[in-house]
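Student: One structure follows; several queries about it will come next.
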Amino acid sequence: MTNHNEMTEKQINITYQEFRTVDEMIPEDRELANEAIAAMNCAYAPYSHFHVGAAVRMSNGQIVRGSNQENAAFPSGLCAERTALFAAGARYPDKDARSIAIAGGVYGRLGIEPCTPCGACRQVMAQYQTKAGKPMSVIMIGSSRIWKFEKVDDILPLIFDSI
């Protein structure tokens with residue numbers, strides 16, 4: 001007979017790096033962060049006025065930018081992260097996404113706190129990481145601090161997988 005009162009408590013720990021400015025980052029991450037910040041200028045956000053830019057570094061070294069694209073027929077728009085990842089996947093179908101940087105703020109001004117991706121974008125990042133079979137780092141940028149996570153699992157624990 002099984003005792004259903006036996007509970008085991010578990011913990012999920014998340015480790016990340018925090019930087020005060022992009023200048024503190026390694027050159028490769030600094031370049032990606034600056035590309036994400038620049039991509040904010042391409043956002044189409046007439047409703048929310050929240051401009052988000054994303055930049056994905058592929059395994060061949062290429063960087064693909066994306067920005068949020070809103071639509072009057074909500075929710076027909078698309079987030080910057082998915083725009084960048086889908087464009088990268090279409091342009092380089094045989095290459096892996098190694099890292100993604102995200103920046104955002106109201107009216108195109110970089111926000112104080114790091115820009116965090118929505119749940120749908122986190123799941124898409126997880127899918128690209130699974131497809132690659134290796135970790136994809138995630139950089140979230142704000143003007144007061146920048147967070148770097150070594151893998152998508154750190155921002156989406158217990159990743160959904162259809163397998």
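Each chain in the structure tokens gets a letter, A, B, ..., in the order shown, and its residues are numbered from 1; ligands are numbered from 1 in order too.
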Select from segment 6-110 of chain A everything DSSP, run on the backbone, classes as alpha helix (DSSP H), then give the selection as number ranges by chain.

Tutor: A: 27-39, 80-91

Student: Would you put the residues from that selection into a file with C-alpha atoms, as a tab-separated table (two decimals), in the first residue's frame?

Tutor:
```tsv
chain	number	residue	atom	x	y	z
A	27	PRO	CA	32.75	41.42	-27.28
A	28	GLU	CA	30.48	38.79	-28.88
A	29	ASP	CA	27.67	39.46	-26.37
A	30	ARG	CA	28.21	43.22	-26.53
A	31	GLU	CA	27.77	43.12	-30.30
A	32	LEU	CA	24.57	41.07	-30.01
A	33	ALA	CA	23.17	43.38	-27.31
A	34	ASN	CA	23.86	46.46	-29.44
A	35	GLU	CA	22.15	44.80	-32.42
A	36	ALA	CA	19.05	44.14	-30.28
A	37	ILE	CA	19.01	47.76	-29.10
A	38	ALA	CA	19.33	48.96	-32.72
A	39	ALA	CA	16.51	46.61	-33.78
A	80	ALA	CA	10.50	40.69	-31.63
A	81	GLU	CA	11.96	37.44	-30.34
A	82	ARG	CA	9.79	35.26	-32.56
A	83	THR	CA	10.24	37.61	-35.52
A	84	ALA	CA	14.02	37.27	-35.18
A	85	LEU	CA	14.03	33.50	-34.56
A	86	PHE	CA	11.63	32.73	-37.40
A	87	ALA	CA	13.59	34.96	-39.81
A	88	ALA	CA	16.85	33.30	-38.71
A	89	GLY	CA	15.34	29.83	-39.15
A	90	ALA	CA	14.06	30.71	-42.62
A	91	ARG	CA	17.32	32.34	-43.71
```

Student: Compile the contact shell of segment 121-131 of chain A as a PyMOL selection string: residues with an atom at most 6 Å away, counting only C-alpha atoms, same-chain residues fewer than 3 positions apart removed.

Tutor: chain A and resi 82+117-118+135-136+152

Student: Can you write out the residues you just picked, keeping all heavy atoms, as an mmCIF file, in the first residue's frame?

Tutor:
```cif
data_model
loop_
_atom_site.group_PDB
_atom_site.id
_atom_site.type_symbol
_atom_site.label_atom_id
_atom_site.label_comp_id
_atom_site.auth_asym_id
_atom_site.auth_seq_id
_atom_site.Cartn_x
_atom_site.Cartn_y
_atom_site.Cartn_z
ATOM 1 N N ARG A 82 10.247 36.236 -31.571
ATOM 2 C CA ARG A 82 9.787 35.260 -32.561
ATOM 3 C C ARG A 82 10.057 35.751 -33.975
ATOM 4 O O ARG A 82 10.392 34.959 -34.855
ATOM 5 C CB ARG A 82 8.302 34.943 -32.352
ATOM 6 C CG ARG A 82 8.119 34.006 -31.160
ATOM 7 C CD ARG A 82 6.678 33.664 -30.933
ATOM 8 N NE ARG A 82 6.046 34.755 -30.199
ATOM 9 C CZ ARG A 82 4.741 34.965 -30.123
ATOM 10 N NH1 ARG A 82 3.909 34.170 -30.763
ATOM 11 N NH2 ARG A 82 4.264 35.955 -29.407
ATOM 12 N N PRO A 117 11.165 38.200 -22.067
ATOM 13 C CA PRO A 117 10.272 37.656 -23.099
ATOM 14 C C PRO A 117 8.989 37.065 -22.519
ATOM 15 O O PRO A 117 8.971 36.577 -21.383
ATOM 16 C CB PRO A 117 11.115 36.570 -23.766
ATOM 17 C CG PRO A 117 12.144 36.204 -22.764
ATOM 18 C CD PRO A 117 12.365 37.394 -21.885
ATOM 19 N N CYS A 118 7.935 37.097 -23.319
ATOM 20 C CA CYS A 118 6.660 36.493 -22.914
ATOM 21 C C CYS A 118 6.794 34.969 -22.937
ATOM 22 O O CYS A 118 7.781 34.411 -23.433
ATOM 23 C CB CYS A 118 5.541 36.962 -23.835
ATOM 24 S SG CYS A 118 5.576 36.238 -25.497
ATOM 25 N N PRO A 135 22.790 24.311 -25.633
ATOM 26 C CA PRO A 135 22.224 25.497 -24.995
ATOM 27 C C PRO A 135 22.241 26.748 -25.889
ATOM 28 O O PRO A 135 23.168 26.952 -26.661
ATOM 29 C CB PRO A 135 23.106 25.722 -23.773
ATOM 30 C CG PRO A 135 23.800 24.433 -23.544
ATOM 31 C CD PRO A 135 23.927 23.784 -24.892
ATOM 32 N N MET A 136 21.183 27.544 -25.761
ATOM 33 C CA MET A 136 21.113 28.849 -26.410
ATOM 34 C C MET A 136 21.066 29.878 -25.285
ATOM 35 O O MET A 136 20.165 29.842 -24.442
ATOM 36 C CB MET A 136 19.862 28.966 -27.287
ATOM 37 C CG MET A 136 19.738 30.325 -27.942
ATOM 38 S SD MET A 136 18.398 30.448 -29.161
ATOM 39 C CE MET A 136 16.961 30.372 -28.129
ATOM 40 N N VAL A 152 18.061 28.401 -22.214
ATOM 41 C CA VAL A 152 16.641 28.745 -22.150
ATOM 42 C C VAL A 152 15.989 28.115 -20.926
ATOM 43 O O VAL A 152 15.084 28.708 -20.320
ATOM 44 C CB VAL A 152 15.917 28.332 -23.449
ATOM 45 C CG1 VAL A 152 14.429 28.638 -23.373
ATOM 46 C CG2 VAL A 152 16.529 29.037 -24.655
#
```

Student: Suppose you want the space between atom CA of Gln11 of chain A and atom CA of Asp161 of chain A; what is it in Å?

Tutor: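 Taking atom CA of Gln11 of chain A and atom CA of Asp161 of chain A, their separation equals 20.8 Å.
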
Student: Closest to Val22 of chain A among A:Ile155, A:Met140, A:Ala55, A:Ile146, using only C-alpha atoms?

Tutor: A:Ile146

Student: Of the candidates A:Leu156, A:Tyr16, A:Ser144, A:Val52, which shows the shortest atom-to-atom distance to Leu78 of chain A, using only C-alpha atoms?

Tutor: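 Closest candidate: A:Val52.
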
Student: Kindly give the distance, in Å, that separates atom CA of Glu150 of chain A and atom CA of Cys42 of chain A, rounded to a single decimal.

Tutor: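 So the two atoms, atom CA of Glu150 of chain A and atom CA of Cys42 of chain A, lie 27.0 Å apart.
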
Student: Give me, as a list in words, the residues of segment 103-132 of chain A that a backbone DSSP run labels strand (DSSP E or B).

Tutor: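 Reading the DSSP output for segment 103-132 of chain A, strand (DSSP E or B) covers Ala103, Gly104, Gly105 and Val106 of chain A.
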
Student: Please produce an output containing all heavy atoms for each residue in the selection, written as a PDB file, in the first residue's frame.

Tutor:
```pdb
ATOM      1  N   ALA A 103      15.911  43.689 -26.191  1.00  0.00           N
ATOM      2  CA  ALA A 103      15.899  45.036 -25.608  1.00  0.00           C
ATOM      3  C   ALA A 103      14.539  45.656 -25.885  1.00  0.00           C
ATOM      4  O   ALA A 103      13.947  45.422 -26.940  1.00  0.00           O
ATOM      5  CB  ALA A 103      17.002  45.893 -26.228  1.00  0.00           C
ATOM      6  N   GLY A 104      14.049  46.454 -24.948  1.00  0.00           N
ATOM      7  CA  GLY A 104      12.755  47.080 -25.181  1.00  0.00           C
ATOM      8  C   GLY A 104      12.532  48.283 -24.304  1.00  0.00           C
ATOM      9  O   GLY A 104      13.204  48.473 -23.284  1.00  0.00           O
ATOM     10  N   GLY A 105      11.580  49.110 -24.732  1.00  0.00           N
ATOM     11  CA  GLY A 105      11.203  50.276 -23.952  1.00  0.00           C
ATOM     12  C   GLY A 105      10.116  51.072 -24.638  1.00  0.00           C
ATOM     13  O   GLY A 105       9.879  50.922 -25.837  1.00  0.00           O
ATOM     14  N   VAL A 106       9.466  51.920 -23.873  1.00  0.00           N
ATOM     15  CA  VAL A 106       8.373  52.740 -24.374  1.00  0.00           C
ATOM     16  C   VAL A 106       8.910  53.822 -25.314  1.00  0.00           C
ATOM     17  O   VAL A 106       9.927  54.454 -25.031  1.00  0.00           O
ATOM     18  CB  VAL A 106       7.600  53.368 -23.195  1.00  0.00           C
ATOM     19  CG1 VAL A 106       6.460  54.251 -23.687  1.00  0.00           C
ATOM     20  CG2 VAL A 106       7.054  52.275 -22.282  1.00  0.00           C
TER      21      VAL A 106
END
```

Student: From the options A:Ile12, A:Asp96, A:Thr21, A:Pro157, which residue's atoms come nearest to Pro114 of chain A, counting only C-alpha atoms?

Tutor: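 Ranking A:Ile12, A:Asp96, A:Thr21, A:Pro157 by distance to Pro114 of chain A, first place goes to A:Thr21.
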
Student: Please provide the set of residues having any atom within 7 Å of Gln17 of chain A, restricted to only C-alpha atoms, with same-chain residues fewer than 2 positions apart removed, written as a list in words.

Tutor: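 In the requested form, the answer reads Phe19, Trp147, Lys148 and Phe149 of chain A.
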
Student: Quick one: write out the picked residues with N, CA and C atoms as a PDB file, in the first residue's frame?

Tutor:
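What ended up in result28.pdb:
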```pdb
ATOM      1  N   PHE A  19      25.158  42.417 -15.509  1.00  0.00           N
ATOM      2  CA  PHE A  19      26.108  43.457 -15.905  1.00  0.00           C
ATOM      3  C   PHE A  19      25.440  44.811 -15.722  1.00  0.00           C
ATOM      4  N   TRP A 147      20.912  41.093 -17.943  1.00  0.00           N
ATOM      5  CA  TRP A 147      20.987  39.725 -17.443  1.00  0.00           C
ATOM      6  C   TRP A 147      21.368  38.793 -18.581  1.00  0.00           C
ATOM      7  N   LYS A 148      22.255  37.846 -18.271  1.00  0.00           N
ATOM      8  CA  LYS A 148      22.610  36.809 -19.245  1.00  0.00           C
ATOM      9  C   LYS A 148      22.374  35.444 -18.614  1.00  0.00           C
ATOM     10  N   PHE A 149      21.555  34.653 -19.298  1.00  0.00           N
ATOM     11  CA  PHE A 149      21.247  33.285 -18.901  1.00  0.00           C
ATOM     12  C   PHE A 149      21.930  32.357 -19.903  1.00  0.00           C
TER      13      PHE A 149
END
```

Student: Compile the contact shell of Arg109 of chain A as number ranges by chain: residues with an atom at most 9 Å away, counting only C-alpha atoms, same-chain residues fewer than 6 positions apart removed.

Tutor: A: 40, 50-51

Student: For Glu113 of chain A, list every protein, DNA or RNA residue within 8 Å, evaluated using only C-alpha atoms, and leave out those in the same chain fewer than 5 positions away; present the list as a list in words.

Tutor: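 Surrounding residues, per the criterion: Ile141, Gly142, Ser143, Ser144 and Arg145 of chain A.
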
Student: Take the residues from that selection and put them in a file with all heavy atoms, as a PDB file, in the first residue's frame.

Tutor:
```
ATOM      1  N   ILE A 141      18.128  42.986 -21.824  1.00  0.00           N
ATOM      2  CA  ILE A 141      18.807  44.269 -21.691  1.00  0.00           C
ATOM      3  C   ILE A 141      17.899  45.348 -21.119  1.00  0.00           C
ATOM      4  O   ILE A 141      16.768  45.524 -21.562  1.00  0.00           O
ATOM      5  CB  ILE A 141      19.324  44.720 -23.070  1.00  0.00           C
ATOM      6  CG1 ILE A 141      20.196  43.626 -23.678  1.00  0.00           C
ATOM      7  CG2 ILE A 141      20.064  46.037 -22.973  1.00  0.00           C
ATOM      8  CD1 ILE A 141      20.318  43.703 -25.171  1.00  0.00           C
ATOM      9  N   GLY A 142      18.422  46.079 -20.151  1.00  0.00           N
ATOM     10  CA  GLY A 142      17.807  47.287 -19.612  1.00  0.00           C
ATOM     11  C   GLY A 142      18.901  48.320 -19.408  1.00  0.00           C
ATOM     12  O   GLY A 142      20.086  47.977 -19.428  1.00  0.00           O
ATOM     13  N   SER A 143      18.525  49.562 -19.203  1.00  0.00           N
ATOM     14  CA  SER A 143      19.556  50.594 -19.043  1.00  0.00           C
ATOM     15  C   SER A 143      20.238  50.531 -17.682  1.00  0.00           C
ATOM     16  O   SER A 143      21.364  50.998 -17.528  1.00  0.00           O
ATOM     17  CB  SER A 143      18.957  51.985 -19.266  1.00  0.00           C
ATOM     18  OG  SER A 143      17.984  52.279 -18.273  1.00  0.00           O
ATOM     19  N   SER A 144      19.585  49.926 -16.667  1.00  0.00           N
ATOM     20  CA  SER A 144      20.188  49.844 -15.336  1.00  0.00           C
ATOM     21  C   SER A 144      20.974  48.556 -15.109  1.00  0.00           C
ATOM     22  O   SER A 144      21.841  48.506 -14.248  1.00  0.00           O
ATOM     23  CB  SER A 144      19.118  49.960 -14.254  1.00  0.00           C
ATOM     24  OG  SER A 144      18.282  48.816 -14.258  1.00  0.00           O
ATOM     25  N   ARG A 145      20.632  47.535 -15.882  1.00  0.00           N
ATOM     26  CA  ARG A 145      21.325  46.250 -15.746  1.00  0.00           C
ATOM     27  C   ARG A 145      20.978  45.350 -16.926  1.00  0.00           C
ATOM     28  O   ARG A 145      19.972  45.550 -17.600  1.00  0.00           O
ATOM     29  CB  ARG A 145      21.001  45.574 -14.424  1.00  0.00           C
ATOM     30  CG  ARG A 145      19.577  45.169 -14.275  1.00  0.00           C
ATOM     31  CD  ARG A 145      19.354  44.488 -12.926  1.00  0.00           C
ATOM     32  NE  ARG A 145      18.054  44.858 -12.397  1.00  0.00           N
ATOM     33  CZ  ARG A 145      17.851  45.734 -11.432  1.00  0.00           C
ATOM     34  NH1 ARG A 145      18.848  46.339 -10.875  1.00  0.00           N
ATOM     35  NH2 ARG A 145      16.639  45.994 -11.010  1.00  0.00           N
TER      36      ARG A 145
END
```

Student: Could you state the separation of atom CA of Ile14 of chain A and atom CA of Ser59 of chain A in Å, given to one decimal place?

Tutor: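 Pair atom CA of Ile14 of chain A / atom CA of Ser59 of chain A returns 24.9 Å.
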
Student: Give the answer as one residue: which of A:Tyr47, A:Lys151, A:Asn60, A:Gly133 has the shortest atom-to-atom distance to Asp94 of chain A, using only C-alpha atoms?

Tutor: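 Using only C-alpha atoms, Asp94 of chain A sits closest to A:Asn60.
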
Student: Considering only C-alpha atoms, state which residue in the set A:Thr15, A:Ser137, A:Asn41, A:Asn5 is at the smallest distance from Ser67 of chain A.

Tutor: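 Closest to Ser67 of chain A of all the choices is A:Asn41.
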